[in-house]
Amino acid sequence: MTFYEVTFYVLAVVALLSAILVITCRNPVHSAIFLVLTLLSVALIFLQLQAEFMAAVQIIVYIGGIMVLFLFVIMLVNLDVAVRQAPYNRQRWIAGFAALVLLAEFTLFIYQGRDWAKLPPAAAEAVQPNTELIGRALFQNYILPFEVASLLLLVAMVGAVLMAKQR
Amino acid sequence: MVPTWHYLALAAALFTVGVIGVLTRRNIIIIFMSLELILNAVNINLIAFARHWGSVDGHIFAIFIITVAAAEAAVGLGILIAFFRNRDTVNADEIDLLKW
Amino acid sequence: MTTLLEILDQPLVLALIRVLIVFTALSLIVAYLVYAERKILAHIQVRLGPMRVGPHGLLQPIADGLKLLLKEDIIPEGADRAVFWLAPAITVLASFTAFSLIPFADNFYVTDVNVGLLFVIAISSLGVLGIILGGWASNSHYPLLGALRSTAQLVSYEVALSFALISAILLAGTLSMNGIVKAQLQQGVWFAFMQPVAFFILFVAAIAETNRNPFDLPEAESELVAGFHTEYSGFRFSLFFLAEYAAMVLVSSIAVTLFLGGWLRPFPNVEWLGFLRFAPVVVFGAAGTWCFLRFFRFPTGREWFWQRLMLFALGAGAAAAALGLLYPPVLVASQGAFWFLAKVFLFLYAFIWFRGTFPRYRFDQLMRLGWHFMIPLAIVNVIFCGVGLVLSWELGWNRSLSLLLASGATLLVAAWLARERS
Amino acid sequence: MPENYVPILMFGVIAFLFPVVTLWFASLLRPDSRDVGFRRKPYECGVPPEGDARGRFGVRFYIIAILFVIFDVETIFLFPWAVQYKALGLFGLVEMLVFLGILIVGYIWLYKKGALEWV
């Protein structure tokens, strides 16, 4: 195994473990810290997949933006009450079972696709230089989604401010 | 080179963890965090496929997913703030009134 | 048998050596930046500043560091111990790691990647987490409020900062840090002259990002005690302190790389200004001469012996450096780092100078300045910069002229925005 | 290509180890924390702290954070645009004018609504 393969498996384990800790921690702030760890290892996995632009975007938007939003909200609502309450709801056993069924399905799908997955992946350099290629694709082939994204952001901005503002 | 299906397996596992979080936790903030986990699992898939086929289309989709995640977090947490102001709780199973 | 040279030639070992050099140099610069700030502020206020430890207080940073290491470690009751410990570590990580992407010279940088600038932004944006978590973990009113205010300020100005950076990328056409410097060499002009408004926005946003006067609201003693690190003491406090000064050096480095030509000397393409390459010799020679002059005018006597000895050693070191720099290969090799550091220190001096002269803003004024003036101005600047570039490509206008016209238009918008505010 | 990123990781690890090692080293030298008097109480200008520190704060902080996230995503779209600008030319400018135009509409709405006012 080369160094980069080892990095992937290490990062995968870190991402999964911290994801599990996200949903098991009682204190939302600890959950948020573990979520940051998950997001960071996912960003490094992107880097390992040659998606350097996406790795940077993941850190800037997710960790630098969305997680800050989460931490703000955790501080806005009084969480000391939440820590003392039961963390799981009543349907947790049914839900856990359903999730396990989902996992079994995923396993089946990946197993069925094993022949396809044996196809050699394309040369990783095909997505380089990353930012230039993304720029070309985004502003030539995906113009409409790009402009719609700006509308989506506008709507989100208006909606969020209206929701949060004092009436 | 790590085979593509290892990435898919990791994404499936992350997705399942996220689903468990959404279905079992009571705190809405944690539910939102689990949603972010799910979206990240999808992103891993997209990026892995982008490398598999040697095209950046997967990256573009991932960018849009991150955009949507940002919009979702902003609006969702905005609703949460409004709800908390009215009801003084952040537990999902206490949100059982359609109108008040 | 692998010899030492072969081990040293491995790319990773080479990278590790560079990392260690940059890290050590950075820690020294940060330590002496604190000293320089005390000295310069003192001279602005007609005082002497630290004078006791070493000649002119030159060993003060080391004494301070030792003192902070030996301080009692106080963690307040009800604090979340793990998070309390983690927060300063994150802050240090965020403000130091970004230096691995800064090109200090043509051939001296830790690494250079295609999306370098994005990674610098990404890594330094992690610092916000340290501030929020530190404020929350203390379990105290003032730190929490300080953390929220600090974060609100940081994120407000980060938007303006990003838009200002985009104007520079529009001119350079690349995100690689070294590529941006090379674009300035190729176009023969520092981007500060093509995009003065963006440079101004970057400068103001940089002051706000590093919590410096006149935007040092997060740690305004009269309002919030000491901001988010009120409960931090001893070495934990000094970690926050170090990170803050490292962030100052970082934003200066970003500004220098993007707008002031990085490691380029002034007018890099003008042949007859080639004598400027002797500037390092002159600087070190002048420093050596000054040390020797002080040495001869220092009071003699047993109690001054060590101080005089140190001054003499400093003078001798500077003189030796000046002589060594006369050797052509050394002179060529030291050019990039010299000009880069000179520009960075100029920036840092401006930061300290501002602290000595400006009164503090009020928090609502600060947010208003950010959201009502800086952000719209930055957006308009990006648009006009794009228009100027298109004019020069499509209509064949002179590039510098159309960009300056664009800046003029932006200035008109700035005047209108300023009129709206008052 | 990924080998260019290994030095960043190295730097990050060293920068993270620096506080860890120095704090550990300091713990060998410094005196232990003694719980005497009000020493370990949270700071509250000299009076005993009252109430729960992790209370609620104004929603204005939250609005600032929302706006930051939205604008942050917008800048993400601008970076590949700026890098590719020379190839896109006039077409790219028009595209970005539409994109930023929609953003500016939102900004004007915020301005009129007063969401950008701190007080």
# chains A, B, ... in the order shown; residues from 1 in each chain; ligands from 1

$ interface_residues --of "chain C" --to "chain A" --cutoff "7 Å" --atoms "only C-alpha atoms" --output "list in words"
Val115, Leu118, Phe119, Ala122, Ser125, Leu126 and Leu129 of chain C

$ write_last_selection --atoms "N, CA, C and O atoms" --output "tab-separated table (two decimals), in the first residue's frame"
chain	number	residue	atom	x	y	z
C	115	VAL	N	-4.42	25.85	-5.95
C	115	VAL	CA	-5.49	26.62	-5.33
C	115	VAL	C	-4.96	27.28	-4.06
C	115	VAL	O	-5.68	27.42	-3.08
C	118	LEU	N	-6.98	29.95	-2.07
C	118	LEU	CA	-8.18	29.40	-1.42
C	118	LEU	C	-7.80	28.65	-0.15
C	118	LEU	O	-8.51	28.73	0.85
C	119	PHE	N	-6.67	27.94	-0.19
C	119	PHE	CA	-6.29	27.22	1.01
C	119	PHE	C	-5.87	28.16	2.12
C	119	PHE	O	-6.13	27.90	3.29
C	122	ALA	N	-9.03	29.26	3.54
C	122	ALA	CA	-9.69	28.16	4.25
C	122	ALA	C	-9.05	27.94	5.62
C	122	ALA	O	-9.74	27.89	6.64
C	125	SER	N	-9.67	30.66	8.05
C	125	SER	CA	-11.04	30.80	8.52
C	125	SER	C	-11.34	29.83	9.65
C	125	SER	O	-12.38	29.94	10.31
C	126	LEU	N	-10.46	28.86	9.90
C	126	LEU	CA	-10.67	27.97	11.05
C	126	LEU	C	-10.52	28.71	12.37
C	126	LEU	O	-11.04	28.26	13.39
C	129	LEU	N	-13.41	29.36	14.80
C	129	LEU	CA	-13.88	28.31	15.69
C	129	LEU	C	-13.19	28.39	17.05
C	129	LEU	O	-13.83	28.25	18.09

$ residues_around --residues "His6 (chain B)" --least-positions-apart "3" --cutoff "10 Å" --atoms "only C-alpha atoms" --output "list of chain:residue names"
A:Phe8, A:Tyr9, A:Ala12, A:Ile110, A:Ala117, B:Val2, B:Pro3, B:Ala9, B:Leu10, B:Ala11, B:Ala12, B:Ala48

$ write_last_selection --atoms "N, CA, C and O atoms" --output "mmCIF file, in the first residue's frame"
data_model
loop_
_atom_site.group_PDB
_atom_site.id
_atom_site.type_symbol
_atom_site.label_atom_id
_atom_site.label_comp_id
_atom_site.auth_asym_id
_atom_site.auth_seq_id
_atom_site.Cartn_x
_atom_site.Cartn_y
_atom_site.Cartn_z
ATOM 1 N N PHE A 8 -6.121 7.386 2.958
ATOM 2 C CA PHE A 8 -7.562 7.234 2.776
ATOM 3 C C PHE A 8 -8.165 6.420 3.904
ATOM 4 O O PHE A 8 -9.167 6.826 4.491
ATOM 5 N N TYR A 9 -7.539 5.257 4.216
ATOM 6 C CA TYR A 9 -8.178 4.410 5.226
ATOM 7 C C TYR A 9 -8.167 5.077 6.589
ATOM 8 O O TYR A 9 -9.158 5.015 7.328
ATOM 9 N N ALA A 12 -10.862 7.650 6.524
ATOM 10 C CA ALA A 12 -12.195 7.045 6.542
ATOM 11 C C ALA A 12 -12.579 6.660 7.962
ATOM 12 O O ALA A 12 -13.694 6.927 8.414
ATOM 13 N N ILE A 110 -23.765 -2.195 -3.623
ATOM 14 C CA ILE A 110 -22.330 -2.138 -3.924
ATOM 15 C C ILE A 110 -21.846 -3.524 -4.340
ATOM 16 O O ILE A 110 -21.037 -3.676 -5.246
ATOM 17 N N ALA A 117 -17.317 -1.983 -10.665
ATOM 18 C CA ALA A 117 -16.297 -1.285 -9.880
ATOM 19 C C ALA A 117 -14.902 -1.784 -10.201
ATOM 20 O O ALA A 117 -13.920 -1.171 -9.818
ATOM 21 N N VAL B 2 -6.794 3.540 -4.511
ATOM 22 C CA VAL B 2 -7.914 2.958 -3.772
ATOM 23 C C VAL B 2 -9.069 2.708 -4.746
ATOM 24 O O VAL B 2 -9.440 3.604 -5.503
ATOM 25 N N PRO B 3 -9.631 1.492 -4.768
ATOM 26 C CA PRO B 3 -10.745 1.251 -5.697
ATOM 27 C C PRO B 3 -11.955 2.101 -5.364
ATOM 28 O O PRO B 3 -12.188 2.457 -4.200
ATOM 29 N N ALA B 9 -18.408 2.607 -0.151
ATOM 30 C CA ALA B 9 -18.717 1.970 1.128
ATOM 31 C C ALA B 9 -18.646 2.992 2.255
ATOM 32 O O ALA B 9 -19.535 3.055 3.116
ATOM 33 N N LEU B 10 -17.599 3.831 2.231
ATOM 34 C CA LEU B 10 -17.481 4.866 3.266
ATOM 35 C C LEU B 10 -18.696 5.786 3.219
ATOM 36 O O LEU B 10 -19.299 6.114 4.256
ATOM 37 N N ALA B 11 -19.088 6.185 1.987
ATOM 38 C CA ALA B 11 -20.230 7.093 1.867
ATOM 39 C C ALA B 11 -21.490 6.427 2.385
ATOM 40 O O ALA B 11 -22.293 7.064 3.084
ATOM 41 N N ALA B 12 -21.678 5.135 2.076
ATOM 42 C CA ALA B 12 -22.872 4.435 2.558
ATOM 43 C C ALA B 12 -22.903 4.416 4.075
ATOM 44 O O ALA B 12 -23.938 4.668 4.707
ATOM 45 N N ALA B 48 -15.913 10.819 -5.856
ATOM 46 C CA ALA B 48 -15.279 9.554 -6.220
ATOM 47 C C ALA B 48 -15.636 9.178 -7.653
ATOM 48 O O ALA B 48 -14.786 8.735 -8.429
#

$ interface_residues --of "chain D" --to "chain C" --cutoff "8 Å" --atoms "only C-alpha atoms" --output "PyMOL selection string"
chain D and resi 4-5+7-8+10-12+15-16+19-20+23+26+29-33+39-44+53-54+61+64-65+68+71-72+75+78-79+82-86+89-90+93+97+116-119

$ closest_atom_pairs --of "chain A" --to "chain D" --cutoff "6 Å" --atoms "only C-alpha atoms" --output "tab-separated table"
residue	atom	partner	partner_atom	distance
A:Gly65	CA	D:Val69	CA	5.1
A:Leu69	CA	D:Ala65	CA	5.8
A:Leu76	CA	D:Arg56	CA	4.9
A:Asn78	CA	D:Gly55	CA	5.8
A:Thr131	CA	D:Pro80	CA	5.7
A:Glu132	CA	D:Gln84	CA	5.9
A:Gly135	CA	D:Pro80	CA	4.6
A:Glu147	CA	D:Phe99	CA	5.8
A:Ser150	CA	D:Phe99	CA	5.9
A:Leu154	CA	D:Gly106	CA	5.8

$ residues_around --residues "Phe15 (chain B)" --least-positions-apart "5" --cutoff "12 Å" --atoms "only C-alpha atoms" --output "number ranges by chain"
A: 15-16, 19-20, 99-100, 102-103, 106; B: 8-10, 20-22, 34-45

$ select_by_dssp --residues "chain B" --states "helix (DSSP H, G or I)" --output "short mmCIF file (atom, residue, chain, number, x, y, z; two decimals) with C-alpha atoms, in the first residue's frame"
data_model
loop_
_atom_site.label_atom_id
_atom_site.label_comp_id
_atom_site.auth_asym_id
_atom_site.auth_seq_id
_atom_site.Cartn_x
_atom_site.Cartn_y
_atom_site.Cartn_z
CA THR B 4 -13.84 3.34 -6.21
CA TRP B 5 -16.12 1.05 -4.26
CA HIS B 6 -14.20 1.71 -1.04
CA TYR B 7 -15.29 5.31 -1.33
CA LEU B 8 -18.84 4.17 -1.97
CA ALA B 9 -18.72 1.97 1.13
CA LEU B 10 -17.48 4.87 3.27
CA ALA B 11 -20.23 7.09 1.87
CA ALA B 12 -22.87 4.44 2.56
CA ALA B 13 -21.69 4.09 6.14
CA LEU B 14 -21.67 7.87 6.69
CA PHE B 15 -25.13 8.11 5.14
CA THR B 16 -26.46 5.46 7.49
CA VAL B 17 -24.97 7.18 10.51
CA GLY B 18 -26.64 10.39 9.38
CA VAL B 19 -29.98 8.64 8.94
CA ILE B 20 -29.75 7.12 12.41
CA GLY B 21 -29.04 10.57 13.79
CA VAL B 22 -32.00 12.13 12.02
CA LEU B 23 -34.39 9.40 13.11
CA THR B 24 -33.39 8.94 16.73
CA ILE B 28 -33.26 19.62 16.27
CA ILE B 29 -29.74 21.05 16.11
CA ILE B 30 -28.28 17.54 16.16
CA ILE B 31 -30.81 16.50 13.51
CA PHE B 32 -29.53 19.31 11.31
CA MET B 33 -25.97 18.15 11.90
CA SER B 34 -26.96 14.64 10.85
CA LEU B 35 -28.41 16.11 7.66
CA GLU B 36 -25.02 17.67 6.97
CA LEU B 37 -23.48 14.21 7.42
CA ILE B 38 -25.87 12.81 4.82
CA LEU B 39 -25.07 15.56 2.35
CA ASN B 40 -21.36 14.94 2.88
CA ALA B 41 -21.78 11.24 2.16
CA VAL B 42 -23.39 12.16 -1.16
CA ASN B 43 -20.54 14.54 -1.90
CA ILE B 44 -17.97 11.81 -1.33
CA ASN B 45 -19.82 9.64 -3.85
CA LEU B 46 -19.93 12.41 -6.42
CA ILE B 47 -16.25 13.22 -6.11
CA ALA B 48 -15.28 9.55 -6.22
CA PHE B 49 -17.31 9.08 -9.41
CA ALA B 50 -15.75 12.23 -10.86
CA ARG B 51 -12.34 10.65 -10.42
CA HIS B 52 -13.61 7.31 -11.73
CA TRP B 53 -14.83 8.79 -15.00
CA ASP B 57 -19.08 17.24 -13.61
CA GLY B 58 -19.21 15.54 -10.24
CA HIS B 59 -17.35 18.46 -8.72
CA ILE B 60 -19.92 20.89 -10.12
CA PHE B 61 -22.72 18.86 -8.57
CA ALA B 62 -20.88 18.82 -5.27
CA ILE B 63 -20.55 22.62 -5.37
CA PHE B 64 -24.28 22.93 -5.89
CA ILE B 65 -24.93 20.52 -3.05
CA ILE B 66 -22.80 22.66 -0.77
CA THR B 67 -24.75 25.72 -1.93
CA VAL B 68 -28.00 23.98 -1.12
CA ALA B 69 -26.60 22.87 2.24
CA ALA B 70 -25.73 26.46 3.10
CA ALA B 71 -29.21 27.66 2.10
CA GLU B 72 -30.80 24.81 4.04
CA ALA B 73 -28.79 25.50 7.16
CA ALA B 74 -29.58 29.23 7.01
CA VAL B 75 -33.32 28.79 6.56
CA GLY B 76 -33.63 25.75 8.82
CA LEU B 77 -31.81 27.34 11.70
CA GLY B 78 -33.82 30.53 11.12
CA ILE B 79 -37.00 28.52 11.57
CA LEU B 80 -35.46 26.94 14.66
CA ILE B 81 -34.76 30.37 16.16
CA ALA B 82 -38.32 31.49 15.47
CA PHE B 83 -39.64 28.28 16.97
CA PHE B 84 -37.45 28.52 20.04
CA ARG B 85 -38.63 32.06 20.63
CA ASN B 86 -42.23 30.91 20.67
CA ARG B 87 -42.06 27.56 22.38
CA ALA B 92 -38.33 17.63 17.66
CA ASP B 93 -41.02 15.54 19.34
CA GLU B 94 -42.49 18.57 21.05
#

$ closest_residue --among "C:Ser233, C:Asn107, C:Thr210, C:Gln195" --to "Tyr245 (chain C)" --atoms "only C-alpha atoms"
C:Thr210

$ decode --residues "region 59-96 of chain D" --atoms "N, CA and C atoms" --output "PDB file, in the first residue's frame"
ATOM      1  N   VAL D  59     -30.691  38.209  18.549  1.00  0.00           N
ATOM      2  CA  VAL D  59     -30.785  37.470  17.313  1.00  0.00           C
ATOM      3  C   VAL D  59     -29.985  38.161  16.209  1.00  0.00           C
ATOM      4  N   ARG D  60     -29.530  39.382  16.483  1.00  0.00           N
ATOM      5  CA  ARG D  60     -28.765  40.116  15.462  1.00  0.00           C
ATOM      6  C   ARG D  60     -27.480  39.390  15.116  1.00  0.00           C
ATOM      7  N   PHE D  61     -26.843  38.786  16.130  1.00  0.00           N
ATOM      8  CA  PHE D  61     -25.638  38.007  15.855  1.00  0.00           C
ATOM      9  C   PHE D  61     -25.947  36.922  14.837  1.00  0.00           C
ATOM     10  N   TYR D  62     -27.105  36.307  15.015  1.00  0.00           N
ATOM     11  CA  TYR D  62     -27.466  35.203  14.137  1.00  0.00           C
ATOM     12  C   TYR D  62     -27.700  35.698  12.713  1.00  0.00           C
ATOM     13  N   ILE D  63     -28.346  36.864  12.572  1.00  0.00           N
ATOM     14  CA  ILE D  63     -28.594  37.388  11.226  1.00  0.00           C
ATOM     15  C   ILE D  63     -27.274  37.679  10.521  1.00  0.00           C
ATOM     16  N   ILE D  64     -26.319  38.237  11.270  1.00  0.00           N
ATOM     17  CA  ILE D  64     -25.005  38.487  10.673  1.00  0.00           C
ATOM     18  C   ILE D  64     -24.400  37.177  10.174  1.00  0.00           C
ATOM     19  N   ALA D  65     -24.522  36.116  10.986  1.00  0.00           N
ATOM     20  CA  ALA D  65     -23.924  34.834  10.592  1.00  0.00           C
ATOM     21  C   ALA D  65     -24.590  34.285   9.338  1.00  0.00           C
ATOM     22  N   ILE D  66     -25.941  34.397   9.255  1.00  0.00           N
ATOM     23  CA  ILE D  66     -26.643  33.925   8.056  1.00  0.00           C
ATOM     24  C   ILE D  66     -26.130  34.660   6.834  1.00  0.00           C
ATOM     25  N   LEU D  67     -26.088  35.988   6.932  1.00  0.00           N
ATOM     26  CA  LEU D  67     -25.664  36.767   5.771  1.00  0.00           C
ATOM     27  C   LEU D  67     -24.239  36.400   5.374  1.00  0.00           C
ATOM     28  N   PHE D  68     -23.402  36.147   6.383  1.00  0.00           N
ATOM     29  CA  PHE D  68     -22.027  35.760   6.065  1.00  0.00           C
ATOM     30  C   PHE D  68     -22.005  34.459   5.271  1.00  0.00           C
ATOM     31  N   VAL D  69     -22.786  33.470   5.710  1.00  0.00           N
ATOM     32  CA  VAL D  69     -22.770  32.183   5.002  1.00  0.00           C
ATOM     33  C   VAL D  69     -23.208  32.374   3.559  1.00  0.00           C
ATOM     34  N   ILE D  70     -24.290  33.160   3.357  1.00  0.00           N
ATOM     35  CA  ILE D  70     -24.780  33.362   1.998  1.00  0.00           C
ATOM     36  C   ILE D  70     -23.713  34.035   1.135  1.00  0.00           C
ATOM     37  N   PHE D  71     -23.118  35.112   1.659  1.00  0.00           N
ATOM     38  CA  PHE D  71     -22.115  35.828   0.874  1.00  0.00           C
ATOM     39  C   PHE D  71     -20.875  34.972   0.646  1.00  0.00           C
ATOM     40  N   ASP D  72     -20.566  34.125   1.622  1.00  0.00           N
ATOM     41  CA  ASP D  72     -19.421  33.237   1.496  1.00  0.00           C
ATOM     42  C   ASP D  72     -19.610  32.297   0.303  1.00  0.00           C
ATOM     43  N   VAL D  73     -20.827  31.750   0.186  1.00  0.00           N
ATOM     44  CA  VAL D  73     -21.089  30.850  -0.936  1.00  0.00           C
ATOM     45  C   VAL D  73     -20.986  31.607  -2.257  1.00  0.00           C
ATOM     46  N   GLU D  74     -21.459  32.854  -2.259  1.00  0.00           N
ATOM     47  CA  GLU D  74     -21.363  33.643  -3.486  1.00  0.00           C
ATOM     48  C   GLU D  74     -19.897  33.811  -3.890  1.00  0.00           C
ATOM     49  N   THR D  75     -19.025  34.098  -2.920  1.00  0.00           N
ATOM     50  CA  THR D  75     -17.614  34.288  -3.287  1.00  0.00           C
ATOM     51  C   THR D  75     -17.007  32.995  -3.821  1.00  0.00           C
ATOM     52  N   ILE D  76     -17.489  31.858  -3.325  1.00  0.00           N
ATOM     53  CA  ILE D  76     -16.964  30.589  -3.829  1.00  0.00           C
ATOM     54  C   ILE D  76     -17.180  30.487  -5.331  1.00  0.00           C
ATOM     55  N   PHE D  77     -18.353  30.966  -5.814  1.00  0.00           N
ATOM     56  CA  PHE D  77     -18.596  30.930  -7.250  1.00  0.00           C
ATOM     57  C   PHE D  77     -17.697  31.911  -7.990  1.00  0.00           C
ATOM     58  N   LEU D  78     -17.301  32.980  -7.312  1.00  0.00           N
ATOM     59  CA  LEU D  78     -16.489  33.990  -7.983  1.00  0.00           C
ATOM     60  C   LEU D  78     -15.047  33.531  -8.225  1.00  0.00           C
ATOM     61  N   PHE D  79     -14.538  32.636  -7.385  1.00  0.00           N
ATOM     62  CA  PHE D  79     -13.125  32.266  -7.545  1.00  0.00           C
ATOM     63  C   PHE D  79     -12.852  31.566  -8.873  1.00  0.00           C
ATOM     64  N   PRO D  80     -13.580  30.479  -9.242  1.00  0.00           N
ATOM     65  CA  PRO D  80     -13.291  29.887 -10.556  1.00  0.00           C
ATOM     66  C   PRO D  80     -13.577  30.847 -11.696  1.00  0.00           C
ATOM     67  N   TRP D  81     -14.562  31.720 -11.499  1.00  0.00           N
ATOM     68  CA  TRP D  81     -14.863  32.720 -12.526  1.00  0.00           C
ATOM     69  C   TRP D  81     -13.658  33.627 -12.756  1.00  0.00           C
ATOM     70  N   ALA D  82     -13.075  34.114 -11.655  1.00  0.00           N
ATOM     71  CA  ALA D  82     -11.941  35.033 -11.784  1.00  0.00           C
ATOM     72  C   ALA D  82     -10.751  34.333 -12.430  1.00  0.00           C
ATOM     73  N   VAL D  83     -10.556  33.050 -12.098  1.00  0.00           N
ATOM     74  CA  VAL D  83      -9.418  32.335 -12.677  1.00  0.00           C
ATOM     75  C   VAL D  83      -9.616  32.136 -14.176  1.00  0.00           C
ATOM     76  N   GLN D  84     -10.848  31.860 -14.577  1.00  0.00           N
ATOM     77  CA  GLN D  84     -11.140  31.558 -15.979  1.00  0.00           C
ATOM     78  C   GLN D  84     -11.555  32.803 -16.756  1.00  0.00           C
ATOM     79  N   TYR D  85     -11.442  33.983 -16.158  1.00  0.00           N
ATOM     80  CA  TYR D  85     -12.071  35.176 -16.741  1.00  0.00           C
ATOM     81  C   TYR D  85     -11.550  35.482 -18.129  1.00  0.00           C
ATOM     82  N   LYS D  86     -10.259  35.317 -18.337  1.00  0.00           N
ATOM     83  CA  LYS D  86      -9.682  35.678 -19.627  1.00  0.00           C
ATOM     84  C   LYS D  86     -10.280  34.820 -20.741  1.00  0.00           C
ATOM     85  N   ALA D  87     -10.527  33.532 -20.452  1.00  0.00           N
ATOM     86  CA  ALA D  87     -11.095  32.645 -21.467  1.00  0.00           C
ATOM     87  C   ALA D  87     -12.570  32.944 -21.686  1.00  0.00           C
ATOM     88  N   LEU D  88     -13.256  33.384 -20.633  1.00  0.00           N
ATOM     89  CA  LEU D  88     -14.702  33.597 -20.763  1.00  0.00           C
ATOM     90  C   LEU D  88     -15.020  34.930 -21.426  1.00  0.00           C
ATOM     91  N   GLY D  89     -14.213  35.957 -21.122  1.00  0.00           N
ATOM     92  CA  GLY D  89     -14.387  37.250 -21.775  1.00  0.00           C
ATOM     93  C   GLY D  89     -15.717  37.913 -21.453  1.00  0.00           C
ATOM     94  N   LEU D  90     -16.274  38.565 -22.472  1.00  0.00           N
ATOM     95  CA  LEU D  90     -17.501  39.345 -22.302  1.00  0.00           C
ATOM     96  C   LEU D  90     -18.643  38.480 -21.792  1.00  0.00           C
ATOM     97  N   PHE D  91     -18.704  37.234 -22.320  1.00  0.00           N
ATOM     98  CA  PHE D  91     -19.759  36.317 -21.908  1.00  0.00           C
ATOM     99  C   PHE D  91     -19.722  36.089 -20.389  1.00  0.00           C
ATOM    100  N   GLY D  92     -18.518  35.852 -19.892  1.00  0.00           N
ATOM    101  CA  GLY D  92     -18.362  35.643 -18.455  1.00  0.00           C
ATOM    102  C   GLY D  92     -18.802  36.868 -17.663  1.00  0.00           C
ATOM    103  N   LEU D  93     -18.493  38.056 -18.203  1.00  0.00           N
ATOM    104  CA  LEU D  93     -18.877  39.282 -17.503  1.00  0.00           C
ATOM    105  C   LEU D  93     -20.389  39.378 -17.399  1.00  0.00           C
ATOM    106  N   VAL D  94     -21.086  39.099 -18.524  1.00  0.00           N
ATOM    107  CA  VAL D  94     -22.549  39.197 -18.508  1.00  0.00           C
ATOM    108  C   VAL D  94     -23.130  38.191 -17.522  1.00  0.00           C
ATOM    109  N   GLU D  95     -22.591  36.960 -17.564  1.00  0.00           N
ATOM    110  CA  GLU D  95     -23.069  35.942 -16.622  1.00  0.00           C
ATOM    111  C   GLU D  95     -22.938  36.422 -15.181  1.00  0.00           C
ATOM    112  N   MET D  96     -21.751  36.948 -14.865  1.00  0.00           N
ATOM    113  CA  MET D  96     -21.516  37.347 -13.486  1.00  0.00           C
ATOM    114  C   MET D  96     -22.327  38.581 -13.129  1.00  0.00           C
TER     115      MET D  96
END
